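Next comes final15.cif, a file with mmCIF, C-alpha atoms and all ligand atoms.
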data_input
#
loop_
_atom_site.label_atom_id
_atom_site.label_comp_id
_atom_site.auth_asym_id
_atom_site.auth_seq_id
_atom_site.Cartn_x
_atom_site.Cartn_y
_atom_site.Cartn_z
CA MET A 199 -27.94 97.89 -108.23
CA PRO A 200 -24.72 99.85 -108.78
CA LEU A 201 -26.66 102.54 -110.57
CA TYR A 202 -28.20 105.74 -109.25
CA HIS A 203 -31.93 106.15 -109.71
CA GLN A 204 -34.56 108.55 -108.37
CA LEU A 205 -38.30 109.02 -108.48
CA GLY A 206 -40.62 111.70 -107.08
CA GLN A 207 -39.72 114.62 -104.81
CA PHE A 208 -37.04 114.88 -102.11
CA PRO A 209 -34.99 117.67 -100.51
CA GLN A 210 -31.85 118.96 -102.18
CA LYS A 211 -29.80 118.10 -99.05
CA ARG A 212 -30.19 114.77 -97.29
CA HIS A 213 -31.30 114.69 -93.65
CA THR A 214 -32.74 118.21 -93.80
CA GLN A 215 -36.25 119.58 -93.30
CA PHE A 216 -38.61 118.45 -96.05
CA ARG A 217 -42.15 119.62 -95.42
CA GLN A 218 -45.57 118.51 -96.60
CA PRO A 219 -48.11 121.11 -97.88
CA ASP A 220 -49.60 121.34 -94.36
CA GLY A 221 -46.19 122.21 -92.89
CA SER A 222 -45.52 118.88 -91.22
CA LEU A 223 -42.35 116.97 -91.98
CA TYR A 224 -42.09 114.07 -94.38
CA HIS A 225 -40.64 110.98 -92.71
CA GLU A 226 -37.19 110.12 -94.00
CA GLN A 227 -36.03 106.47 -94.06
CA LEU A 228 -32.59 105.17 -94.94
CA PHE A 229 -33.20 101.79 -96.60
CA GLY A 230 -29.84 100.03 -96.70
CA THR A 231 -28.31 96.59 -96.90
CA ILE A 232 -25.30 94.96 -95.22
CA GLY A 233 -25.48 97.28 -92.24
CA PHE A 234 -24.54 100.74 -93.51
CA ASP A 235 -21.95 99.33 -95.97
CA GLY A 236 -24.17 98.07 -98.78
CA MET A 237 -26.24 99.90 -101.31
CA SER A 238 -28.93 102.14 -99.88
CA SER A 239 -31.71 104.52 -100.83
CA LEU A 240 -33.26 107.45 -98.98
CA LEU A 241 -37.07 107.41 -98.90
CA TYR A 242 -39.54 110.11 -97.88
CA HIS A 243 -42.85 108.82 -96.46
CA LEU A 244 -46.11 110.62 -95.80
CA ARG A 245 -46.27 108.81 -92.44
CA ARG A 246 -43.88 107.04 -90.11
CA PRO A 247 -43.02 103.63 -91.62
CA THR A 248 -42.83 102.20 -88.10
CA GLN A 249 -46.51 102.19 -87.09
CA VAL A 250 -47.15 98.54 -86.25
CA ARG A 251 -50.72 98.02 -85.03
CA ASP A 252 -50.62 94.29 -84.46
CA ILE A 253 -48.71 91.09 -85.10
CA VAL A 254 -51.46 88.67 -85.98
CA SER A 255 -49.70 85.38 -86.64
CA SER A 256 -46.36 83.70 -87.29
CA VAL A 257 -46.18 80.57 -89.43
CA ASP A 258 -43.15 78.38 -90.20
CA VAL A 259 -42.77 78.26 -93.99
CA SER A 260 -39.35 76.56 -94.09
CA PRO A 261 -39.02 74.04 -96.92
CA LYS A 262 -39.41 70.39 -95.90
CA VAL A 263 -36.20 68.61 -96.87
CA ALA A 264 -36.64 65.02 -98.08
CA GLU A 265 -33.03 64.19 -98.98
CA ALA A 266 -30.26 66.32 -97.53
CA LYS A 267 -27.32 64.20 -98.66
CA HIS A 268 -27.46 62.52 -102.04
CA ILE A 269 -25.54 61.95 -105.28
CA LYS A 270 -28.39 61.32 -107.70
CA SER A 271 -28.90 63.36 -110.89
CA ARG A 272 -32.54 64.30 -111.17
CA LYS A 273 -35.07 65.54 -113.66
CA LEU A 274 -38.05 67.44 -112.29
CA VAL A 275 -41.11 68.42 -114.29
CA GLY A 276 -41.69 71.99 -113.14
CA PHE A 277 -45.02 72.42 -114.92
CA ASN A 278 -46.41 69.48 -112.91
CA VAL A 279 -46.55 71.79 -109.90
CA PRO A 280 -50.27 72.61 -109.80
CA PRO A 281 -51.43 76.25 -110.01
CA GLU A 282 -52.69 77.86 -106.80
CA ASP A 283 -54.54 81.12 -106.30
CA ASP A 284 -52.26 82.76 -103.72
CA PHE A 285 -48.84 83.99 -104.85
CA LEU A 286 -47.01 82.81 -101.71
CA ASP A 287 -48.89 79.50 -101.42
CA SER A 288 -48.09 78.75 -105.05
CA ARG A 289 -44.34 78.94 -104.46
CA LYS A 290 -42.82 75.48 -104.03
CA ALA A 291 -39.20 75.32 -102.90
CA LEU A 292 -37.53 72.38 -104.66
CA LEU A 293 -33.77 72.61 -104.11
CA VAL A 294 -32.40 74.34 -101.04
CA ASN A 295 -29.37 74.89 -98.88
CA LYS A 296 -28.45 77.31 -96.10
CA THR A 297 -28.18 80.34 -98.39
CA VAL A 298 -30.47 79.64 -101.33
CA GLN A 299 -33.95 78.32 -102.03
CA ILE A 300 -34.83 77.51 -105.65
CA GLY A 301 -38.40 76.80 -106.57
CA VAL A 302 -41.21 77.22 -109.05
CA ALA A 303 -44.63 78.84 -108.77
CA ALA A 304 -47.84 78.89 -110.77
CA PRO A 305 -49.90 81.66 -109.15
CA ARG A 306 -53.38 82.18 -110.57
CA LYS A 307 -54.31 85.39 -108.75
CA SER A 308 -52.64 88.74 -108.30
CA LEU A 309 -51.28 89.52 -104.87
CA THR A 310 -53.51 92.43 -103.83
CA ASP A 311 -55.07 91.50 -100.45
CA TYR A 312 -51.85 92.01 -98.54
CA PHE A 313 -48.28 93.18 -99.05
CA TYR A 314 -45.20 90.95 -98.95
CA LYS A 315 -41.67 91.54 -97.74
CA ASN A 316 -38.83 89.04 -97.65
CA ALA A 317 -36.54 90.19 -94.86
CA ASP A 318 -34.28 87.12 -95.17
CA SER A 319 -33.36 87.10 -98.82
CA ASP A 320 -33.01 88.85 -102.12
CA GLU A 321 -35.54 87.38 -104.52
CA LEU A 322 -34.95 86.65 -108.18
CA LEU A 323 -38.12 85.84 -110.12
CA PHE A 324 -37.83 84.54 -113.68
CA ILE A 325 -41.05 84.97 -115.63
CA HIS A 326 -41.59 81.94 -117.84
CA ARG A 327 -45.27 82.56 -118.54
CA GLY A 328 -47.45 85.55 -117.82
CA THR A 329 -47.40 89.32 -117.93
CA GLY A 330 -48.18 91.90 -115.30
CA THR A 331 -46.73 94.50 -112.99
CA LEU A 332 -44.47 94.22 -109.98
CA ARG A 333 -45.66 96.96 -107.63
CA THR A 334 -43.23 98.10 -104.93
CA LEU A 335 -42.89 100.95 -102.49
CA LEU A 336 -40.18 102.37 -104.80
CA GLY A 337 -42.16 102.17 -108.04
CA ASN A 338 -43.54 99.69 -110.51
CA ILE A 339 -41.94 97.39 -113.07
CA PRO A 340 -44.04 95.90 -115.88
CA PHE A 341 -42.93 92.34 -116.70
CA GLU A 342 -43.35 89.81 -119.47
CA TYR A 343 -42.03 86.46 -120.69
CA GLY A 344 -38.29 86.20 -120.20
CA ASP A 345 -37.91 88.86 -117.52
CA TYR A 346 -35.77 88.43 -114.46
CA LEU A 347 -37.10 90.55 -111.58
CA LEU A 348 -34.51 91.29 -108.90
CA ILE A 349 -36.14 92.29 -105.61
CA PRO A 350 -33.61 93.20 -102.91
CA ARG A 351 -34.35 92.03 -99.38
CA GLY A 352 -36.85 94.14 -97.50
CA MET A 353 -38.66 95.61 -100.51
CA ILE A 354 -42.39 95.68 -99.80
CA TYR A 355 -44.23 94.49 -102.87
CA GLN A 356 -47.35 93.21 -104.53
CA ILE A 357 -47.55 91.49 -107.89
CA GLU A 358 -50.33 91.78 -110.45
CA PHE A 359 -50.87 89.26 -113.24
CA ASP A 360 -52.86 89.97 -116.40
CA THR A 361 -54.15 86.39 -116.68
CA GLU A 362 -54.29 83.22 -114.55
CA ASP A 363 -51.69 81.38 -116.65
CA ASN A 364 -48.42 82.20 -114.90
CA ARG A 365 -45.24 80.17 -114.44
CA ILE A 366 -42.30 81.48 -112.44
CA LEU A 367 -38.88 80.14 -111.52
CA TYR A 368 -37.73 81.81 -108.32
CA CYS A 369 -34.68 81.94 -106.18
CA GLU A 370 -34.31 83.34 -102.67
CA SER A 371 -30.78 84.16 -101.58
CA THR A 372 -29.56 85.20 -98.15
CA ASP A 373 -26.46 86.54 -99.93
CA PRO A 374 -27.16 89.67 -101.99
CA ILE A 375 -27.61 89.04 -105.73
CA TYR A 376 -25.48 91.32 -107.91
CA THR A 377 -24.45 91.58 -111.53
CA PRO A 378 -21.00 89.94 -111.89
CA LYS A 379 -18.19 92.10 -110.61
CA ARG A 380 -15.99 91.22 -113.59
CA TYR A 381 -18.58 92.86 -115.87
CA ARG A 382 -18.18 96.19 -114.04
CA ASN A 383 -15.43 98.77 -113.84
CA HIS A 384 -14.05 100.37 -110.69
CA PHE A 385 -17.03 102.76 -110.63
CA GLY A 386 -19.65 100.03 -111.05
CA GLN A 387 -20.42 100.81 -114.69
CA LEU A 388 -21.01 97.76 -116.87
CA LEU A 389 -18.05 97.28 -119.21
CA GLU A 390 -18.14 97.13 -123.00
CA SER A 391 -17.32 93.40 -122.67
CA SER A 392 -20.38 92.77 -120.48
CA PRO A 393 -23.16 90.82 -122.25
CA PHE A 394 -25.65 93.48 -121.13
CA CYS A 395 -25.56 97.13 -120.13
CA GLU A 396 -27.49 99.65 -118.09
CA ARG A 397 -29.87 100.44 -120.97
CA ASP A 398 -31.13 96.86 -120.82
CA LEU A 399 -32.30 97.19 -117.22
CA LYS A 400 -35.94 97.88 -116.38
CA LEU A 401 -35.88 100.42 -113.57
CA PRO A 402 -38.87 101.17 -111.31
CA GLN A 403 -41.22 103.85 -112.62
CA ASP A 404 -44.69 105.27 -111.81
CA LEU A 405 -44.12 105.78 -108.08
CA GLU A 406 -47.43 105.23 -106.27
CA THR A 407 -48.10 107.47 -103.27
CA HIS A 408 -51.13 106.34 -101.25
CA ASP A 409 -52.36 108.71 -98.54
CA GLU A 410 -54.39 106.16 -96.59
CA THR A 411 -54.69 105.12 -92.97
CA GLY A 412 -56.39 102.02 -91.60
CA GLU A 413 -55.22 98.41 -91.41
CA PHE A 414 -52.65 97.19 -93.92
CA THR A 415 -51.24 93.68 -93.67
CA ILE A 416 -47.64 92.98 -94.61
CA LYS A 417 -46.58 89.33 -94.61
CA ILE A 418 -42.93 89.49 -93.59
CA LYS A 419 -40.63 86.52 -94.13
CA LYS A 420 -37.92 86.40 -91.51
CA GLN A 421 -35.88 83.41 -90.31
CA GLY A 422 -38.09 81.09 -92.32
CA MET A 423 -41.23 82.32 -90.55
CA LEU A 424 -44.00 84.27 -92.22
CA HIS A 425 -45.18 86.95 -89.80
CA GLU A 426 -48.45 88.72 -90.51
CA VAL A 427 -47.98 92.30 -89.36
CA VAL A 428 -50.71 94.95 -89.48
CA TYR A 429 -49.58 98.53 -90.12
CA ALA A 430 -51.60 101.72 -89.57
CA SER A 431 -50.91 103.33 -92.95
CA HIS A 432 -50.54 102.29 -96.57
CA PRO A 433 -47.00 100.89 -97.17
CA PHE A 434 -46.80 102.64 -100.54
CA ASP A 435 -46.75 106.21 -99.19
CA VAL A 436 -43.36 107.32 -100.53
CA VAL A 437 -43.39 110.74 -102.26
CA GLY A 438 -39.82 110.46 -103.46
CA TRP A 439 -36.57 108.54 -103.12
CA ASP A 440 -33.11 108.30 -104.55
CA GLY A 441 -30.18 105.94 -104.24
CA TYR A 442 -28.83 102.60 -105.32
CA ASN A 443 -31.07 100.11 -103.48
CA PHE A 444 -34.14 99.32 -105.58
CA PRO A 445 -35.76 96.48 -107.55
CA TYR A 446 -35.15 96.14 -111.26
CA GLY A 447 -35.89 93.90 -114.21
CA PHE A 448 -33.77 92.43 -116.97
CA SER A 449 -35.01 90.41 -119.94
CA ILE A 450 -33.12 87.22 -120.78
CA HIS A 451 -33.83 88.19 -124.41
CA ASN A 452 -31.46 91.14 -123.94
CA PHE A 453 -28.54 88.93 -122.90
CA GLU A 454 -26.04 89.12 -125.76
CA PRO A 455 -24.29 85.75 -126.04
CA ILE A 456 -20.51 85.47 -126.24
CA THR A 457 -19.42 82.85 -128.76
CA GLY A 458 -16.07 81.53 -129.95
CA ARG A 459 -14.26 79.25 -132.38
CA VAL A 460 -14.46 76.40 -129.86
CA HIS A 461 -16.86 75.62 -127.03
CA GLN A 462 -17.13 78.45 -124.50
CA PRO A 463 -17.42 77.53 -120.81
CA PRO A 464 -20.53 78.34 -118.74
CA PRO A 465 -19.10 81.56 -117.19
CA VAL A 466 -19.68 83.35 -120.54
CA HIS A 467 -23.38 82.93 -119.84
CA GLN A 468 -23.19 84.41 -116.35
CA THR A 469 -25.88 86.97 -115.53
CA PHE A 470 -25.89 87.31 -111.73
CA GLU A 471 -23.61 86.31 -108.90
CA THR A 472 -23.61 85.94 -105.14
CA LYS A 473 -21.05 84.62 -102.69
CA SER A 474 -22.72 81.20 -102.85
CA PHE A 475 -24.01 80.69 -106.40
CA VAL A 476 -24.10 82.05 -109.95
CA VAL A 477 -27.01 82.47 -112.37
CA CYS A 478 -26.36 81.92 -116.10
CA SER A 479 -28.58 82.56 -119.12
CA PHE A 480 -28.34 80.19 -122.09
CA VAL A 481 -29.82 82.06 -125.03
CA PRO A 482 -30.19 81.52 -128.79
CA ARG A 483 -26.75 81.92 -130.35
CA LEU A 484 -24.44 80.91 -133.17
CA TYR A 485 -22.41 77.78 -132.54
CA ASP A 486 -18.63 77.53 -132.43
CA TYR A 487 -17.04 78.15 -135.81
CA HIS A 488 -13.73 76.23 -135.75
CA PRO A 489 -13.97 73.84 -138.77
CA LEU A 490 -13.61 70.84 -136.42
CA SER A 491 -15.59 72.26 -133.49
CA ILE A 492 -18.04 70.19 -131.44
CA PRO A 493 -20.84 72.55 -130.34
CA ALA A 494 -22.22 70.35 -127.54
CA PRO A 495 -20.40 70.63 -124.22
CA TYR A 496 -17.80 68.12 -123.14
CA ASN A 497 -18.36 65.92 -120.10
CA HIS A 498 -17.58 67.99 -117.07
CA SER A 499 -17.01 67.40 -113.44
CA ASN A 500 -18.29 70.29 -111.41
CA ILE A 501 -16.84 68.43 -108.47
CA ASP A 502 -17.69 70.99 -105.82
CA SER A 503 -20.75 72.67 -107.31
CA ASP A 504 -24.34 71.56 -107.77
CA GLU A 505 -25.81 72.54 -111.12
CA MET A 506 -29.49 73.25 -111.60
CA LEU A 507 -30.73 73.93 -115.11
CA TYR A 508 -34.23 75.24 -115.83
CA TYR A 509 -35.32 74.74 -119.43
CA VAL A 510 -37.36 77.61 -120.80
CA ASP A 511 -37.77 77.12 -124.51
CA GLY A 512 -36.22 75.73 -127.70
CA ASP A 513 -34.46 72.46 -128.28
CA PHE A 514 -31.79 71.91 -125.68
CA MET A 515 -28.73 70.74 -127.57
CA SER A 516 -27.15 68.40 -125.05
CA ARG A 517 -30.25 66.76 -123.56
CA THR A 518 -32.95 64.38 -124.71
CA GLY A 519 -36.39 64.08 -123.11
CA ILE A 520 -36.48 67.71 -121.99
CA GLY A 521 -39.30 70.22 -122.39
CA PRO A 522 -40.23 73.70 -121.16
CA GLY A 523 -40.36 73.94 -117.38
CA TYR A 524 -38.17 70.86 -116.86
CA ILE A 525 -35.41 71.10 -114.27
CA SER A 526 -32.27 69.02 -114.18
CA LEU A 527 -30.05 68.72 -111.14
CA HIS A 528 -26.49 67.54 -111.64
CA PRO A 529 -25.00 67.22 -108.18
CA GLY A 530 -21.36 67.83 -107.43
CA GLY A 531 -19.17 64.80 -106.83
CA ILE A 532 -19.85 63.08 -110.16
CA PRO A 533 -19.31 64.14 -113.78
CA HIS A 534 -22.15 64.75 -116.21
CA GLY A 535 -22.28 65.56 -119.89
CA PRO A 536 -24.25 65.45 -123.10
CA HIS A 537 -26.72 62.63 -123.60
CA PRO A 538 -25.80 59.77 -125.93
CA GLY A 539 -26.04 60.92 -129.53
CA THR A 540 -26.16 64.66 -128.81
CA TYR A 541 -22.35 65.12 -128.72
CA GLU A 542 -21.78 63.68 -132.19
CA GLY A 543 -25.16 64.99 -133.36
CA SER A 544 -24.24 68.58 -132.66
CA ILE A 545 -21.39 68.59 -135.22
CA GLY A 546 -22.12 70.74 -138.25
CA HIS A 547 -25.01 72.65 -136.70
CA LYS A 548 -24.76 76.42 -137.04
CA GLY A 549 -26.78 77.64 -134.09
CA THR A 550 -29.18 76.87 -131.28
CA GLU A 551 -32.53 78.32 -130.20
CA GLU A 552 -32.20 76.99 -126.65
CA LEU A 553 -33.28 79.19 -123.77
CA ALA A 554 -32.45 78.12 -120.21
CA VAL A 555 -31.53 79.47 -116.79
CA MET A 556 -28.77 77.77 -114.83
CA ILE A 557 -28.06 78.16 -111.14
CA ASP A 558 -24.78 76.67 -109.92
CA THR A 559 -24.41 76.56 -106.15
CA PHE A 560 -21.12 76.18 -104.31
CA ALA A 561 -22.75 74.17 -101.49
CA PRO A 562 -24.85 71.06 -102.13
CA LEU A 563 -28.59 71.42 -102.68
CA ALA A 564 -30.98 69.37 -100.59
CA VAL A 565 -34.04 67.95 -102.31
CA THR A 566 -37.41 68.85 -100.82
CA GLU A 567 -40.60 66.83 -100.48
CA GLU A 568 -42.14 69.08 -103.15
CA ALA A 569 -39.30 68.16 -105.53
CA LEU A 570 -39.86 64.42 -105.07
CA LYS A 571 -43.49 64.90 -106.17
CA ILE A 572 -42.33 66.01 -109.63
CA ASP A 573 -39.18 63.85 -109.93
CA THR A 574 -39.18 61.56 -112.99
CA GLY A 575 -37.07 59.09 -111.01
CA ASP A 576 -34.78 57.50 -113.58
CA TYR A 577 -32.83 60.46 -114.96
CA HIS A 578 -29.59 59.39 -113.25
CA GLN A 579 -29.45 56.37 -115.61
CA SER A 580 -30.13 58.38 -118.76
CA TRP A 581 -26.51 58.31 -120.00
CA LEU A 582 -26.38 54.50 -120.32
FE FE B 601 -23.23 71.06 -116.76
#
Any chance you could give the structure as structure tokens?
Amino acid sequence: MPLYHQLGQFPQKRHTQFRQPDGSLYHEQLFGTIGFDGMSSLLYHLRRPTQVRDIVSSVDVSPKVAEAKHIKSRKLVGFNVPPEDDFLDSRKALLVNKTVQIGVAAPRKSLTDYFYKNADSDELLFIHRGTGTLRTLLGNIPFEYGDYLLIPRGMIYQIEFDTEDNRILYCESTDPIYTPKRYRNHFGQLLESSPFCERDLKLPQDLETHDETGEFTIKIKKQGMLHEVVYASHPFDVVGWDGYNFPYGFSIHNFEPITGRVHQPPPVHQTFETKSFVVCSFVPRLYDYHPLSIPAPYNHSNIDSDEMLYYVDGDFMSRTGIGPGYISLHPGGIPHGPHPGTYEGSIGHKGTEELAVMIDTFAPLAVTEEALKIDTGDYHQSWL
């Protein structure tokens, strides 16, 4: 996050002696991304963060691709993915390519028995149902309906849910996920024209410092494998840190829509970006106010992008037969547009209550076996 944040205690000068009450040194760790070029934070641990006791197992958790090359528009029923107790088991990758995995999850239980770290990808969780706390080695972030949680690669975390009724859209990206560069000035500050600003971000708080030794399992995702690694001390033993590399939250309800006299293109809804895809938030907003405007979108040919839309709430203006948790995939190569009746039907309406998350990828998305299980099958013919 191009924003400086700090929690706890650390020395005034970096890379200098910082001593514990018993006179021993705290253990400094530079936690950076993109080699030493990306954003980084400096952490101070009670114990060395390198104390691996054992590597217990390594399991291949790569998604199973069912259709790698296709041209079929699809409608998936996300809520038909059955709930599972374990947070990682519950995650079902649906649409994937070399740099991104998009899926849904319905975890029933909090992740407390082990810790998790994704060393391959930044993770973006969108909370559709449920409340709780994301607990990380850099502090905690309470979450609720509508929150995006951005967890940079390598962050060790657990997640606690208040109830068993949880629904999450998630995205794993091997390219770092940032706020759009065009929303930021030369210094990284979000511009006045940005649909959100720094005040809207939920930064980590309540740093937990656990002084415990023993056996602590971290499940580490790397190269599509899940390695179970046992460490000799509690992973949350940081007494202080500062820097730019940390998890944060942002509520979709704080995205301020940009509207116009005539239909505005999807980039006005953009919330995050990477080198290989964008994430857009469609939120309740006033419709276009030209006297002859047509609020529903025109047919469009995203010829070289795949478009995934996750429907959260409200009546989606350009689609019929859509409910919360539904996912549509409009693959590149063919045009798509509003369903019959919705284009004309949108005329004269003053606003929409729709809430949706869109992920447009610049490389085609393969469809997984898990996706076929919740595919309605005939969506590609729904414009006839
Ligand atoms: Fe579209």
10 Å shell around ligand FE 601 (chain B) using all atoms listed in the file, listed as a ChimeraX atom specification: /A:463-464,495-500,503-507,516,526-529,533-536,556,558
Given all atoms listed in the file as the counted atoms, nearest of A:Thr566, A:Gln579, A:Ser449, A:Thr377 to Gly301 (chain A):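 Smallest distance to Gly301 (chain A) is found for A:Thr566.
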Point (-35.3, 107.1, -105.4) neighbourhood (9 Å, all atoms listed in the file) written as a list in words: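 It turns out the residues near that spot are Tyr202, His203, Gln204, Leu205, Gly206, Gln207, Phe208, Ser239, Leu240, Leu241, Leu336, Gly337, Gly438, Trp439, Asp440, Gly441, Tyr442, Asn443 and Phe444 of chain A.
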Closest of A:Gly422, A:Pro433, A:Pro393, A:Gly458 to Gln249 (chain A) - atom-to-atom distances counting only C-alpha atoms: A:Pro433
Pro378 (chain A) surroundings by only C-alpha atoms, 12 Å radius, close-in-sequence under 2 positions cut, as a PyMOL selection string: chain A and resi 199-200+374-376+380-383+386-389+391-395+465-473+475-478
Point-to-point distance from CA of Gly221 (chain A) to CA of Gly412 (chain A), Å rounded to tenths: 22.7 Å
Among listed residues A:Glu226, A:Leu323, A:Met353, A:Lys379, nearest Lys211 (chain A) (using only C-alpha atoms):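 Looking only at the distances to Lys211 (chain A), the closest residue turns out to be A:Glu226.
Atom pair CA of Ile253 (chain A) / CA of Thr297 (chain A) has a distance of 26.7 Å (rounded to one decimal).
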Pick from A:Thr334, A:Thr550, A:Ser319, A:Thr361 nearest to Phe514 (chain A), counting all atoms listed in the file: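 Checking each candidate against Phe514 (chain A), we get A:Thr550 as the closest.
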Protein/DNA/RNA residues near (-33.4, 70.9, -98.5), cut 10 Å, all atoms listed in the file, as a PyMOL selection string: chain A and resi 260-267+291-296+298-300+562-567+569
Selected residue, from A:Phe560, A:Tyr343, A:Phe434, A:Phe414, that lies nearest to Leu244 (chain A) when counting all atoms listed in the file: A:Phe434
Which of A:His268, A:Ala561, A:Arg245, A:Asp220 sits closest to Ser474 (chain A) [using all atoms listed in the file]: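 Counting all atoms listed in the file, the residue closest to Ser474 (chain A) is A:Ala561.
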Using only the atoms of region 507-524 of chain A listed in the file, plus 3 Å on each side, state the axis-aligned box centre and edge lengths in Å rounded to one decimal, as lines of an AutoDock Vina configuration file.
center_x = -33.8
center_y = 70.8
center_z = -121.7
size_x = 19.2
size_y = 19.5
size_z = 19.2
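In this structure, CA of Ile349 (chain A) sits 18.5 Å away from CA of Asp287 (chain A).
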